[in-house]
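Novice: Just run13.txt, nothing more (compact mmCIF, C-alpha atoms):
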# COMPACT_ATOMS: atom_id res chain seq x y z
CA MET A 1 45.86 18.93 7.92
CA SER A 2 42.21 19.17 8.98
CA ILE A 3 39.45 18.07 6.60
CA PRO A 4 36.91 20.86 5.91
CA THR A 5 33.42 20.07 7.15
CA HIS A 6 29.97 21.60 6.91
CA THR A 7 28.30 23.37 9.80
CA THR A 8 26.22 21.35 12.25
CA SER A 9 22.97 21.88 10.33
CA TYR A 10 20.06 19.61 9.56
CA TYR A 11 20.99 19.96 5.91
CA ALA A 12 24.53 18.66 6.45
CA ALA A 13 23.22 15.78 8.55
CA SER A 14 20.83 14.75 5.74
CA ALA A 15 23.05 15.44 2.72
CA ASN A 16 22.76 13.01 -0.18
CA ASP A 17 26.47 13.21 -1.04
CA THR A 18 29.21 13.42 1.61
CA ARG A 19 32.19 12.83 -0.70
CA LEU A 20 35.09 15.23 -0.37
CA ARG A 21 36.40 16.25 -3.79
CA PRO A 22 40.19 16.48 -4.09
CA SER A 23 42.10 19.69 -3.48
CA LEU A 24 43.89 21.38 -6.35
CA GLN A 25 47.50 20.20 -6.76
CA GLY A 26 49.73 21.75 -9.40
CA GLU A 27 48.79 23.73 -12.48
CA ALA A 28 45.59 23.46 -14.52
CA SER A 29 44.02 25.30 -17.44
CA ALA A 30 40.41 26.06 -18.37
CA ASP A 31 38.23 28.36 -20.40
CA VAL A 32 36.63 29.63 -17.18
CA CYS A 33 37.64 29.36 -13.53
CA VAL A 34 34.78 29.80 -11.06
CA ILE A 35 35.66 30.71 -7.48
CA GLY A 36 33.08 29.47 -4.98
CA ALA A 37 30.79 26.43 -5.15
CA GLY A 38 27.65 28.10 -3.86
CA PHE A 39 24.58 28.73 -6.00
CA THR A 40 26.08 31.65 -7.97
CA GLY A 41 29.14 29.60 -8.86
CA LEU A 42 27.23 26.37 -9.46
CA SER A 43 24.62 27.99 -11.68
CA THR A 44 27.31 29.80 -13.67
CA ALA A 45 29.46 26.70 -14.06
CA LEU A 46 26.54 24.49 -15.03
CA HIS A 47 25.19 26.94 -17.60
CA LEU A 48 28.68 27.33 -19.09
CA ALA A 49 29.24 23.56 -19.18
CA GLU A 50 25.94 23.16 -21.01
CA ARG A 51 27.36 25.56 -23.64
CA GLY A 52 30.49 23.42 -23.99
CA TYR A 53 32.99 25.51 -22.01
CA LYS A 54 35.76 23.84 -20.05
CA VAL A 55 35.17 25.01 -16.47
CA ILE A 56 37.08 24.44 -13.23
CA MET A 57 35.52 25.37 -9.88
CA LEU A 58 37.61 26.16 -6.81
CA GLU A 59 35.84 25.91 -3.45
CA GLY A 60 37.67 26.99 -0.30
CA SER A 61 35.75 24.56 1.90
CA ARG A 62 32.90 22.25 0.75
CA ILE A 63 30.24 22.50 -1.96
CA GLY A 64 27.41 24.61 -0.52
CA PHE A 65 29.42 25.43 2.61
CA GLY A 66 28.14 29.00 2.90
CA ALA A 67 24.65 30.48 2.64
CA SER A 68 23.75 28.22 -0.29
CA GLY A 69 23.78 25.16 1.95
CA ARG A 70 22.42 26.75 5.14
CA ASN A 71 19.45 28.94 4.17
CA GLY A 72 15.70 28.64 4.60
CA GLY A 73 15.28 26.78 1.30
CA GLN A 74 12.48 28.96 -0.09
CA ILE A 75 11.78 30.01 -3.68
CA VAL A 76 11.00 33.72 -3.28
CA HIS A 77 10.85 35.78 -6.46
CA SER A 78 12.20 39.23 -7.32
CA TYR A 79 14.96 40.97 -5.33
CA SER A 80 15.49 42.18 -1.78
CA ARG A 81 14.32 45.56 -3.11
CA ASP A 82 11.28 45.07 -5.29
CA ILE A 83 10.68 46.31 -8.83
CA ASP A 84 8.87 49.50 -7.76
CA PHE A 85 11.92 50.61 -5.74
CA ILE A 86 14.12 50.01 -8.78
CA GLU A 87 11.77 52.01 -11.02
CA ARG A 88 11.68 54.95 -8.61
CA ASN A 89 15.43 55.11 -8.09
CA TYR A 90 16.90 53.99 -11.42
CA GLY A 91 14.23 54.72 -14.00
CA GLN A 92 11.36 52.97 -15.75
CA GLU A 93 13.56 51.24 -18.33
CA VAL A 94 15.88 49.69 -15.74
CA GLY A 95 12.81 48.65 -13.75
CA ARG A 96 11.27 47.09 -16.84
CA GLN A 97 14.43 45.14 -17.67
CA MET A 98 14.88 43.88 -14.11
CA GLY A 99 11.17 43.12 -13.91
CA LYS A 100 11.53 40.84 -16.94
CA MET A 101 14.18 38.85 -15.03
CA ALA A 102 12.61 38.96 -11.56
CA PHE A 103 10.78 35.64 -11.80
CA GLU A 104 13.29 33.67 -13.87
CA GLY A 105 15.44 32.29 -11.06
CA GLY A 106 12.70 30.09 -9.63
CA GLU A 107 12.01 28.60 -13.04
CA ILE A 108 15.73 27.87 -13.47
CA ILE A 109 15.74 25.96 -10.18
CA LYS A 110 12.71 23.89 -11.16
CA SER A 111 14.10 23.16 -14.63
CA LEU A 112 17.47 22.03 -13.24
CA VAL A 113 15.78 19.74 -10.71
CA ALA A 114 13.68 18.18 -13.48
CA ARG A 115 16.44 17.98 -16.10
CA TYR A 116 19.06 16.42 -13.84
CA GLN A 117 16.70 14.45 -11.56
CA ILE A 118 17.95 16.22 -8.42
CA ASN A 119 16.58 14.75 -5.19
CA CYS A 120 16.08 17.80 -2.97
CA ASP A 121 12.51 17.50 -1.57
CA LEU A 122 11.18 20.21 -3.91
CA LYS A 123 7.61 21.16 -2.95
CA PRO A 124 5.29 23.82 -4.43
CA GLY A 125 3.78 26.94 -2.87
CA GLY A 126 5.04 29.95 -0.91
CA ILE A 127 3.26 32.43 1.35
CA PHE A 128 4.04 36.02 2.37
CA ALA A 129 2.32 36.58 5.73
CA ALA A 130 1.26 40.05 6.93
CA CYS A 131 1.68 40.76 10.64
CA ASN A 132 -0.60 43.83 10.55
CA ALA A 133 -3.04 45.75 8.36
CA LYS A 134 -0.30 47.96 6.90
CA GLN A 135 1.66 44.94 5.72
CA PHE A 136 -1.48 43.44 4.18
CA ARG A 137 -2.01 46.62 2.17
CA GLU A 138 1.59 46.32 1.00
CA LEU A 139 0.87 42.75 -0.12
CA GLU A 140 -2.06 44.04 -2.17
CA ASP A 141 0.38 46.45 -3.83
CA LYS A 142 2.91 43.63 -4.37
CA LYS A 143 0.27 41.53 -6.12
CA ALA A 144 -0.59 44.39 -8.46
CA LEU A 145 3.09 45.16 -9.11
CA TRP A 146 4.06 41.57 -9.90
CA GLU A 147 1.00 41.04 -12.08
CA ALA A 148 1.94 44.18 -14.04
CA HIS A 149 5.26 42.48 -14.77
CA GLY A 150 3.63 39.26 -15.94
CA HIS A 151 3.56 37.17 -12.77
CA LYS A 152 -0.03 35.96 -12.39
CA ALA A 153 0.15 32.95 -10.01
CA LEU A 154 -0.87 35.00 -6.95
CA GLU A 155 -3.79 34.84 -4.55
CA LEU A 156 -4.63 37.21 -1.69
CA LEU A 157 -5.77 35.52 1.52
CA SER A 158 -7.87 37.17 4.22
CA ALA A 159 -6.97 36.64 7.87
CA SER A 160 -9.47 33.77 8.16
CA ASP A 161 -8.30 32.22 4.87
CA THR A 162 -4.70 32.48 6.04
CA ARG A 163 -5.52 30.29 9.05
CA ASN A 164 -6.43 27.54 6.58
CA TYR A 165 -2.81 27.61 5.39
CA ILE A 166 -0.91 28.51 8.58
CA GLY A 167 -2.05 27.18 11.97
CA THR A 168 -1.72 30.43 13.91
CA GLU A 169 -3.73 33.52 14.86
CA ARG A 170 -0.72 35.76 14.26
CA TYR A 171 -1.35 37.04 10.73
CA ALA A 172 -3.68 39.70 9.33
CA GLY A 173 -3.70 38.13 5.87
CA ALA A 174 -1.28 36.77 3.29
CA LEU A 175 -0.27 36.54 -0.34
CA LEU A 176 -0.05 33.00 -1.72
CA ASP A 177 2.40 32.54 -4.59
CA HIS A 178 1.48 29.29 -6.31
CA SER A 179 4.76 29.37 -8.27
CA GLY A 180 6.85 29.59 -5.10
CA GLY A 181 8.14 26.55 -3.29
CA HIS A 182 10.77 25.10 -1.02
CA PHE A 183 13.49 22.47 -0.98
CA HIS A 184 16.59 21.08 0.77
CA PRO A 185 19.18 23.67 -0.33
CA LEU A 186 22.34 21.68 0.30
CA ASN A 187 21.00 18.71 -1.65
CA LEU A 188 20.09 21.07 -4.49
CA ALA A 189 23.67 22.42 -4.47
CA LEU A 190 25.12 18.90 -4.41
CA GLY A 191 22.79 17.86 -7.23
CA GLU A 192 23.84 20.83 -9.34
CA ALA A 193 27.48 19.97 -8.66
CA ALA A 194 26.92 16.39 -9.82
CA ALA A 195 25.14 17.69 -12.95
CA PHE A 196 28.11 19.97 -13.69
CA GLU A 197 30.54 17.08 -13.25
CA SER A 198 28.43 14.88 -15.54
CA LEU A 199 29.11 17.43 -18.30
CA GLY A 200 32.88 17.26 -17.79
CA GLY A 201 33.21 20.00 -15.19
CA VAL A 202 35.84 19.71 -12.46
CA ILE A 203 35.39 20.78 -8.82
CA TYR A 204 38.19 21.11 -6.29
CA GLU A 205 37.26 21.43 -2.62
CA ASP A 206 39.52 22.62 0.20
CA ALA A 207 41.04 24.89 -2.47
CA LYS A 208 40.92 28.39 -1.01
CA VAL A 209 41.96 31.04 -3.53
CA ILE A 210 44.69 33.32 -2.18
CA ASN A 211 45.39 35.50 -5.22
CA ILE A 212 44.21 36.37 -8.73
CA VAL A 213 46.95 37.46 -11.12
CA GLN A 214 45.16 39.60 -13.67
CA GLY A 215 45.95 39.48 -17.38
CA SER A 216 44.54 38.48 -20.75
CA ARG A 217 44.58 34.98 -19.27
CA ALA A 218 44.16 35.29 -15.53
CA LYS A 219 45.92 33.02 -13.05
CA VAL A 220 43.93 31.94 -10.00
CA MET A 221 46.21 30.73 -7.22
CA THR A 222 45.68 28.48 -4.21
CA ALA A 223 48.27 27.39 -1.66
CA GLN A 224 49.09 24.25 -3.65
CA GLY A 225 48.21 25.02 -7.24
CA SER A 226 46.82 27.38 -9.85
CA VAL A 227 44.30 27.58 -12.68
CA THR A 228 44.95 29.69 -15.77
CA ALA A 229 41.78 30.73 -17.57
CA ASP A 230 40.41 33.14 -20.16
CA PHE A 231 37.68 34.20 -17.74
CA VAL A 232 37.29 34.16 -13.96
CA VAL A 233 33.99 34.31 -12.06
CA VAL A 234 34.25 35.42 -8.44
CA ALA A 235 31.31 33.95 -6.56
CA GLY A 236 32.51 33.78 -2.95
CA ASN A 237 29.90 36.25 -1.69
CA ALA A 238 30.09 36.51 2.15
CA TYR A 239 32.97 34.01 2.39
CA MET A 240 35.60 35.80 0.31
CA GLN A 241 37.48 37.86 2.89
CA GLY A 242 40.79 39.25 1.71
CA LEU A 243 40.67 38.22 -1.94
CA LEU A 244 39.36 41.40 -3.62
CA PRO A 245 39.28 44.28 -1.10
CA GLU A 246 37.55 46.57 -3.61
CA LEU A 247 34.51 44.26 -3.48
CA GLU A 248 34.56 43.90 0.31
CA GLN A 249 34.19 47.66 0.74
CA LYS A 250 30.85 47.52 -1.08
CA ALA A 251 29.08 44.98 1.13
CA MET A 252 28.86 43.59 4.67
CA PRO A 253 28.56 39.97 5.83
CA CYS A 254 25.55 39.33 8.06
CA GLY A 255 24.44 36.21 9.89
CA THR A 256 21.03 34.62 10.19
CA GLN A 257 20.00 31.81 12.53
CA VAL A 258 17.98 28.66 11.84
CA ILE A 259 16.68 25.72 13.88
CA ALA A 260 15.13 22.38 12.95
CA THR A 261 12.83 20.60 15.36
CA ALA A 262 12.56 16.89 15.90
CA PRO A 263 10.26 15.21 13.33
CA LEU A 264 6.65 16.16 14.03
CA SER A 265 3.67 13.82 13.86
CA GLU A 266 1.50 13.97 10.75
CA ALA A 267 -1.24 15.56 12.86
CA GLN A 268 1.14 18.29 14.03
CA GLN A 269 2.33 18.93 10.48
CA ARG A 270 -1.26 19.26 9.22
CA GLN A 271 -2.06 21.64 12.08
CA LEU A 272 0.92 23.92 11.42
CA LEU A 273 1.04 23.96 7.61
CA PRO A 274 -1.91 22.02 6.16
CA HIS A 275 -0.87 22.59 2.54
CA ASP A 276 2.88 22.16 3.19
CA HIS A 277 3.76 25.60 1.81
CA CYS A 278 6.72 27.66 3.00
CA VAL A 279 6.13 30.98 4.76
CA GLU A 280 7.98 34.23 5.33
CA ASP A 281 6.49 37.19 7.16
CA CYS A 282 6.68 40.81 6.02
CA ASN A 283 8.74 42.29 8.86
CA TYR A 284 12.02 44.05 8.09
CA LEU A 285 13.80 41.43 10.22
CA LEU A 286 11.59 38.63 9.04
CA ASP A 287 10.80 35.12 10.26
CA TYR A 288 10.63 32.24 7.76
CA PHE A 289 9.60 28.63 8.19
CA ARG A 290 8.57 25.44 6.41
CA LEU A 291 8.38 21.67 6.85
CA SER A 292 11.32 19.53 5.78
CA GLY A 293 10.98 16.36 3.74
CA ASP A 294 10.96 14.28 6.92
CA GLY A 295 8.44 16.46 8.75
CA ARG A 296 10.59 18.78 10.86
CA LEU A 297 9.72 22.45 11.27
CA ILE A 298 12.64 24.51 9.96
CA TYR A 299 12.36 28.01 11.46
CA GLY A 300 14.73 30.92 10.95
CA GLY A 301 14.96 34.63 11.53
CA GLY A 302 16.89 37.58 12.80
CA VAL A 303 20.11 39.14 11.57
CA THR A 304 23.51 39.43 13.22
CA TYR A 305 25.33 42.35 11.59
CA GLY A 306 28.98 41.68 10.92
CA ALA A 307 28.33 37.91 10.80
CA ARG A 308 29.21 37.25 14.44
CA ASP A 309 28.05 33.82 15.60
CA PRO A 310 25.58 34.24 18.50
CA GLY A 311 26.28 32.22 21.62
CA ARG A 312 23.05 30.24 21.72
CA ILE A 313 20.92 30.11 18.60
CA GLU A 314 17.95 28.37 20.24
CA SER A 315 17.49 31.26 22.69
CA LEU A 316 17.09 33.62 19.73
CA ILE A 317 14.84 31.52 17.49
CA VAL A 318 12.68 29.35 19.76
CA PRO A 319 10.83 32.39 21.21
CA LYS A 320 10.06 33.52 17.64
CA MET A 321 8.77 30.06 16.76
CA LEU A 322 6.57 29.94 19.87
CA THR A 323 5.15 33.39 19.09
CA THR A 324 3.92 31.92 15.81
CA PHE A 325 3.15 28.41 17.02
CA PRO A 326 2.59 28.35 20.81
CA GLN A 327 1.33 24.79 20.43
CA LEU A 328 4.96 23.70 19.90
CA LYS A 329 5.96 24.55 23.47
CA GLY A 330 8.29 21.81 24.67
CA VAL A 331 9.12 20.45 21.22
CA ARG A 332 12.71 19.25 20.91
CA VAL A 333 15.18 21.19 18.76
CA ASP A 334 17.54 18.75 17.03
CA TYR A 335 19.64 21.20 15.01
CA ALA A 336 20.62 24.86 15.29
CA TRP A 337 23.00 26.72 13.00
CA THR A 338 23.92 30.08 11.56
CA GLY A 339 25.14 31.18 8.14
CA ASN A 340 26.31 34.38 6.50
CA PHE A 341 24.79 36.33 3.64
CA LEU A 342 26.13 39.52 2.09
CA LEU A 343 24.23 42.78 2.55
CA THR A 344 24.62 45.78 0.23
CA LEU A 345 23.72 49.35 1.11
CA MET A 346 20.90 49.50 -1.47
CA ARG A 347 19.94 45.85 -0.84
CA LEU A 348 20.37 45.08 -4.53
CA PRO A 349 22.84 42.56 -5.97
CA GLN A 350 26.17 43.78 -7.31
CA PHE A 351 27.42 42.51 -10.68
CA GLY A 352 30.54 43.73 -12.43
CA ARG A 353 33.75 43.16 -14.39
CA ILE A 354 37.35 43.75 -13.39
CA ASN A 355 39.98 44.12 -16.12
CA GLY A 356 37.52 42.91 -18.75
CA ASN A 357 37.67 39.17 -18.00
CA ILE A 358 37.07 38.85 -14.23
CA TYR A 359 33.35 38.80 -13.48
CA TYR A 360 31.66 38.94 -10.09
CA ALA A 361 28.16 38.71 -8.64
CA GLN A 362 27.46 39.22 -4.96
CA GLY A 363 25.33 40.91 -2.32
CA TYR A 364 21.87 39.37 -2.68
CA SER A 365 20.99 40.81 0.75
CA GLY A 366 19.15 37.79 2.12
CA HIS A 367 17.18 37.20 -1.08
CA GLY A 368 19.59 35.04 -2.99
CA LEU A 369 18.14 31.62 -3.74
CA THR A 370 16.43 32.61 -6.96
CA CYS A 371 18.68 35.53 -7.89
CA THR A 372 21.86 33.44 -7.65
CA HIS A 373 20.45 31.03 -10.21
CA LEU A 374 19.48 33.93 -12.45
CA ALA A 375 22.99 35.35 -11.95
CA GLY A 376 24.54 32.13 -13.20
CA ARG A 377 22.58 32.28 -16.43
CA VAL A 378 23.27 36.00 -16.90
CA LEU A 379 27.01 35.55 -16.22
CA SER A 380 27.24 32.64 -18.64
CA ASP A 381 25.47 34.72 -21.29
CA ALA A 382 27.95 37.57 -20.75
CA ILE A 383 30.98 35.30 -21.05
CA ALA A 384 29.48 33.89 -24.26
CA GLY A 385 29.23 37.43 -25.66
CA GLN A 386 25.60 38.27 -24.82
CA ALA A 387 26.08 40.89 -22.10
CA GLU A 388 22.90 42.95 -22.39
CA ARG A 389 21.22 41.53 -19.30
CA PHE A 390 24.45 41.46 -17.32
CA ASP A 391 24.95 45.15 -18.10
CA VAL A 392 21.55 46.00 -16.61
CA PHE A 393 22.75 44.68 -13.23
CA ALA A 394 26.27 46.03 -13.65
CA GLY A 395 24.84 49.51 -14.31
CA LEU A 396 23.29 49.76 -10.82
CA PRO A 397 25.33 51.99 -8.47
CA GLN A 398 27.47 50.14 -5.92
CA TYR A 399 27.88 52.32 -2.85
CA PRO A 400 30.09 51.61 0.18
CA PHE A 401 28.44 51.59 3.61
CA PRO A 402 28.67 54.92 5.45
CA GLY A 403 31.15 55.03 8.30
CA GLY A 404 33.66 52.63 6.75
CA ARG A 405 34.52 49.28 8.30
CA ALA A 406 34.56 50.70 11.85
CA PHE A 407 31.03 52.13 11.89
CA ARG A 408 29.05 50.27 9.23
CA ILE A 409 27.81 47.65 11.72
CA PRO A 410 26.38 50.04 14.35
CA PHE A 411 24.93 52.33 11.68
CA THR A 412 23.20 49.41 9.97
CA ALA A 413 21.97 47.97 13.29
CA MET A 414 20.45 51.36 14.16
CA GLY A 415 18.60 51.40 10.86
CA ALA A 416 17.32 47.87 11.42
CA TRP A 417 16.12 48.83 14.91
CA TYR A 418 14.17 51.75 13.42
CA TYR A 419 12.43 49.58 10.81
CA SER A 420 11.75 46.82 13.36
CA LEU A 421 10.08 49.38 15.62
CA ARG A 422 7.89 50.48 12.70
CA ASP A 423 6.92 46.82 12.15
CA LYS A 424 5.93 46.43 15.80
CA LEU A 425 3.87 49.63 15.72
CA GLY A 426 2.33 48.79 12.34
CA ILE A 427 3.33 52.13 10.80
For this file, write the structure as structure tokens.

Specialist:
Amino acid sequence: MSIPTHTTSYYAASANDTRLRPSLQGEASADVCVIGAGFTGLSTALHLAERGYKVIMLEGSRIGFGASGRNGGQIVHSYSRDIDFIERNYGQEVGRQMGKMAFEGGEIIKSLVARYQINCDLKPGGIFAACNAKQFRELEDKKALWEAHGHKALELLSASDTRNYIGTERYAGALLDHSGGHFHPLNLALGEAAAFESLGGVIYEDAKVINIVQGSRAKVMTAQGSVTADFVVVAGNAYMQGLLPELEQKAMPCGTQVIATAPLSEAQQRQLLPHDHCVEDCNYLLDYFRLSGDGRLIYGGGVTYGARDPGRIESLIVPKMLTTFPQLKGVRVDYAWTGNFLLTLMRLPQFGRINGNIYYAQGYSGHGLTCTHLAGRVLSDAIAGQAERFDVFAGLPQYPFPGGRAFRIPFTAMGAWYYSLRDKLGI
């Protein structure tokens, strides 16, 4: 039997904890069974354990195996669709409620790192970079929108000011979020797992769930065992194929690609990112980058619809990196990897209940680092009987992609091409 391993990422190569937890053998019982040891599952399990619940987590591969351990590692607030979109489409009250929660996930991350002394290279500061004048005007609107919902730690940067933060001529201006930040995501996941275990929580790895038998006490089954629980939380996101088909119809796995360079000199680091903030641009298919704890440039971007692994990641990402930082021509790439996130039609997360005691949260649409941590708190509140905030998310419509499984990929790719063309033309 093969031992499950992480992808060949920089994060896996620099993980603080490489232990393999045991697989589930035989029958077990818990108050709550959480399926999936990514950030949604870890945040839920940890918040429930802090409340005194007996929680068992089942992970089909390794802790942080999916997007939670492979992403850009950036604290970016709000949702993939911002609060103004929610207000226009779902009403002022829903927008107000979601606006109240939009900045909570980042604070949860910071509080967990501090409370449990998690070593994950957490650094402050995040930048949204405008590639043209239209995008800069949109950043002005974002600043006003976020400030109207109580988020004040924002600073607009002119094109010349932006060059003091990012060593490139590429950008027409930027929005600096002083409350943003970045970190080593796999080490954060491993640290949260250790915190959960310190409270009595149990994690099984290599424990892929093959069936959920619904009932007043649900039975979650793997190939070699089962967990019976009062509540189940399904948190497999893009790595849950075949378990609950009704959820798969509502979302589509997509891949994104990331590289990590060789360690750069201190002079190179100061030239690229003098203040060591993370950056994402404002394109529909955006680029994102930051410096790692050991001085590598981590650069990601692009989307592969349907989560197909591209043949050569460097050929996709290195040209993007050199467009931003031509001074890095010839730099060595030490790591290249891809990972899947789950896209929804409306690009808003999907929360819900099945049969009253099976909860799910999925579909963060590439904007999941903060929202997954918020989801964990909201799910734990709902299980404890305080479902008001959960119901705000659960009340959002959950539409299937047009065209069904056969045509959702080409239809979505056509839409992405259209918005990418608008980005290039600045319209």

Novice: Excluding same-chain residues fewer than 2 positions from A:Gly395, what lies within 10 Å of it counting all atoms listed in the file, as an MDAnalysis selection string?

Specialist: chainID A and resid 90 94 350:352 390:393 397:398

Novice: Using all atoms listed in the file, which residue out of A:Asn357, A:Arg377, A:Gly200, A:Gln271 lies closest to A:Leu328?

Specialist: A:Gln271

Novice: For a quick check of understanding, using only C-alpha atoms, which of A:Gly36, A:Gly26, A:Gly66, A:Gly385 has the smallest distance to A:Ile203?

Specialist: A:Gly36

Novice: Can you tell me how far atom CA of A:Glu266 sits from atom CA of A:Tyr10, in Å to one decimal?

Specialist: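 Atom CA of A:Tyr10 lies at a distance of 19.4 Å from atom CA of A:Glu266.
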
Novice: With distances taken over all atoms listed in the file, which residue among A:Thr344, A:Gln257, A:Thr370, A:Ser179 lies nearest A:Val318?

Specialist: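 That would be A:Gln257, the residue with the smallest distance to A:Val318.
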
Novice: Could you state the separation of atom CA of A:Ala13 and atom CA of A:Arg70 in Å, given to one decimal place?

Specialist: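 Separating atom CA of A:Ala13 from atom CA of A:Arg70 is a distance of 11.5 Å.
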
Novice: Which residues are near A:Val76? Cut-off 10 Å, only C-alpha atoms, ignore same chain within fewer than 6 positions. Put them as a PDB file with C-alpha atoms, in the coordinates of the input.

Specialist:
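Writing done, so here's selection_12.pdb:
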ATOM      1  CA  ALA A 102      12.610  38.960 -11.560  1.00  0.00           C
ATOM      2  CA  PHE A 103      10.780  35.640 -11.800  1.00  0.00           C
ATOM      3  CA  GLY A 105      15.440  32.290 -11.060  1.00  0.00           C
ATOM      4  CA  GLY A 106      12.700  30.090  -9.630  1.00  0.00           C
ATOM      5  CA  GLY A 125       3.780  26.940  -2.870  1.00  0.00           C
ATOM      6  CA  GLY A 126       5.040  29.950  -0.910  1.00  0.00           C
ATOM      7  CA  ILE A 127       3.260  32.430   1.350  1.00  0.00           C
ATOM      8  CA  PHE A 128       4.040  36.020   2.370  1.00  0.00           C
ATOM      9  CA  ASP A 177       2.400  32.540  -4.590  1.00  0.00           C
ATOM     10  CA  SER A 179       4.760  29.370  -8.270  1.00  0.00           C
ATOM     11  CA  GLY A 180       6.850  29.590  -5.100  1.00  0.00           C
ATOM     12  CA  GLY A 181       8.140  26.550  -3.290  1.00  0.00           C
ATOM     13  CA  HIS A 182      10.770  25.100  -1.020  1.00  0.00           C
ATOM     14  CA  CYS A 278       6.720  27.660   3.000  1.00  0.00           C
ATOM     15  CA  VAL A 279       6.130  30.980   4.760  1.00  0.00           C
ATOM     16  CA  GLU A 280       7.980  34.230   5.330  1.00  0.00           C
ATOM     17  CA  HIS A 367      17.180  37.200  -1.080  1.00  0.00           C
ATOM     18  CA  GLY A 368      19.590  35.040  -2.990  1.00  0.00           C
ATOM     19  CA  LEU A 369      18.140  31.620  -3.740  1.00  0.00           C
ATOM     20  CA  THR A 370      16.430  32.610  -6.960  1.00  0.00           C
ATOM     21  CA  CYS A 371      18.680  35.530  -7.890  1.00  0.00           C
TER      22      CYS A 371
END

Novice: Take every atom of stretch 261-269 of chain A listed in the file, pad by 3 Å on each side, and give me the axis-aligned box centre and edge lengths in Å, one decimal, as AutoDock Vina command-line options.

Specialist:
--center_x 5.8 --center_y 17.2 --center_z 13.2 --size_x 20.1 --size_y 12.8 --size_z 11.4

Novice: Just checking: using all atoms listed in the file, which residue out of A:His275, A:Cys282, A:Gly64, A:Gly38 ends up closest to A:Thr7?

Specialist: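 Closest to A:Thr7 of all the choices is A:Gly64.
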
Novice: Please identify all polymer residues lying at most 10 Å from the point (-5.2, 40.3, -3.0) (file coordinates), using all atoms listed in the file, and present the result as a list in words.

Specialist: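 It turns out the residues near that spot are Phe136, Arg137, Glu138, Leu139, Glu140, Asp141, Lys142, Lys143, Ala144, Leu154, Glu155, Leu156, Leu157, Ser158, Gly173, Ala174, Leu175 and Leu176 of chain A.
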
Novice: Nearest residue to A:Ile298 out of A:Gln224, A:Gln97, A:Ser80, A:Ser9, using all atoms listed in the file?

Specialist: A:Ser9
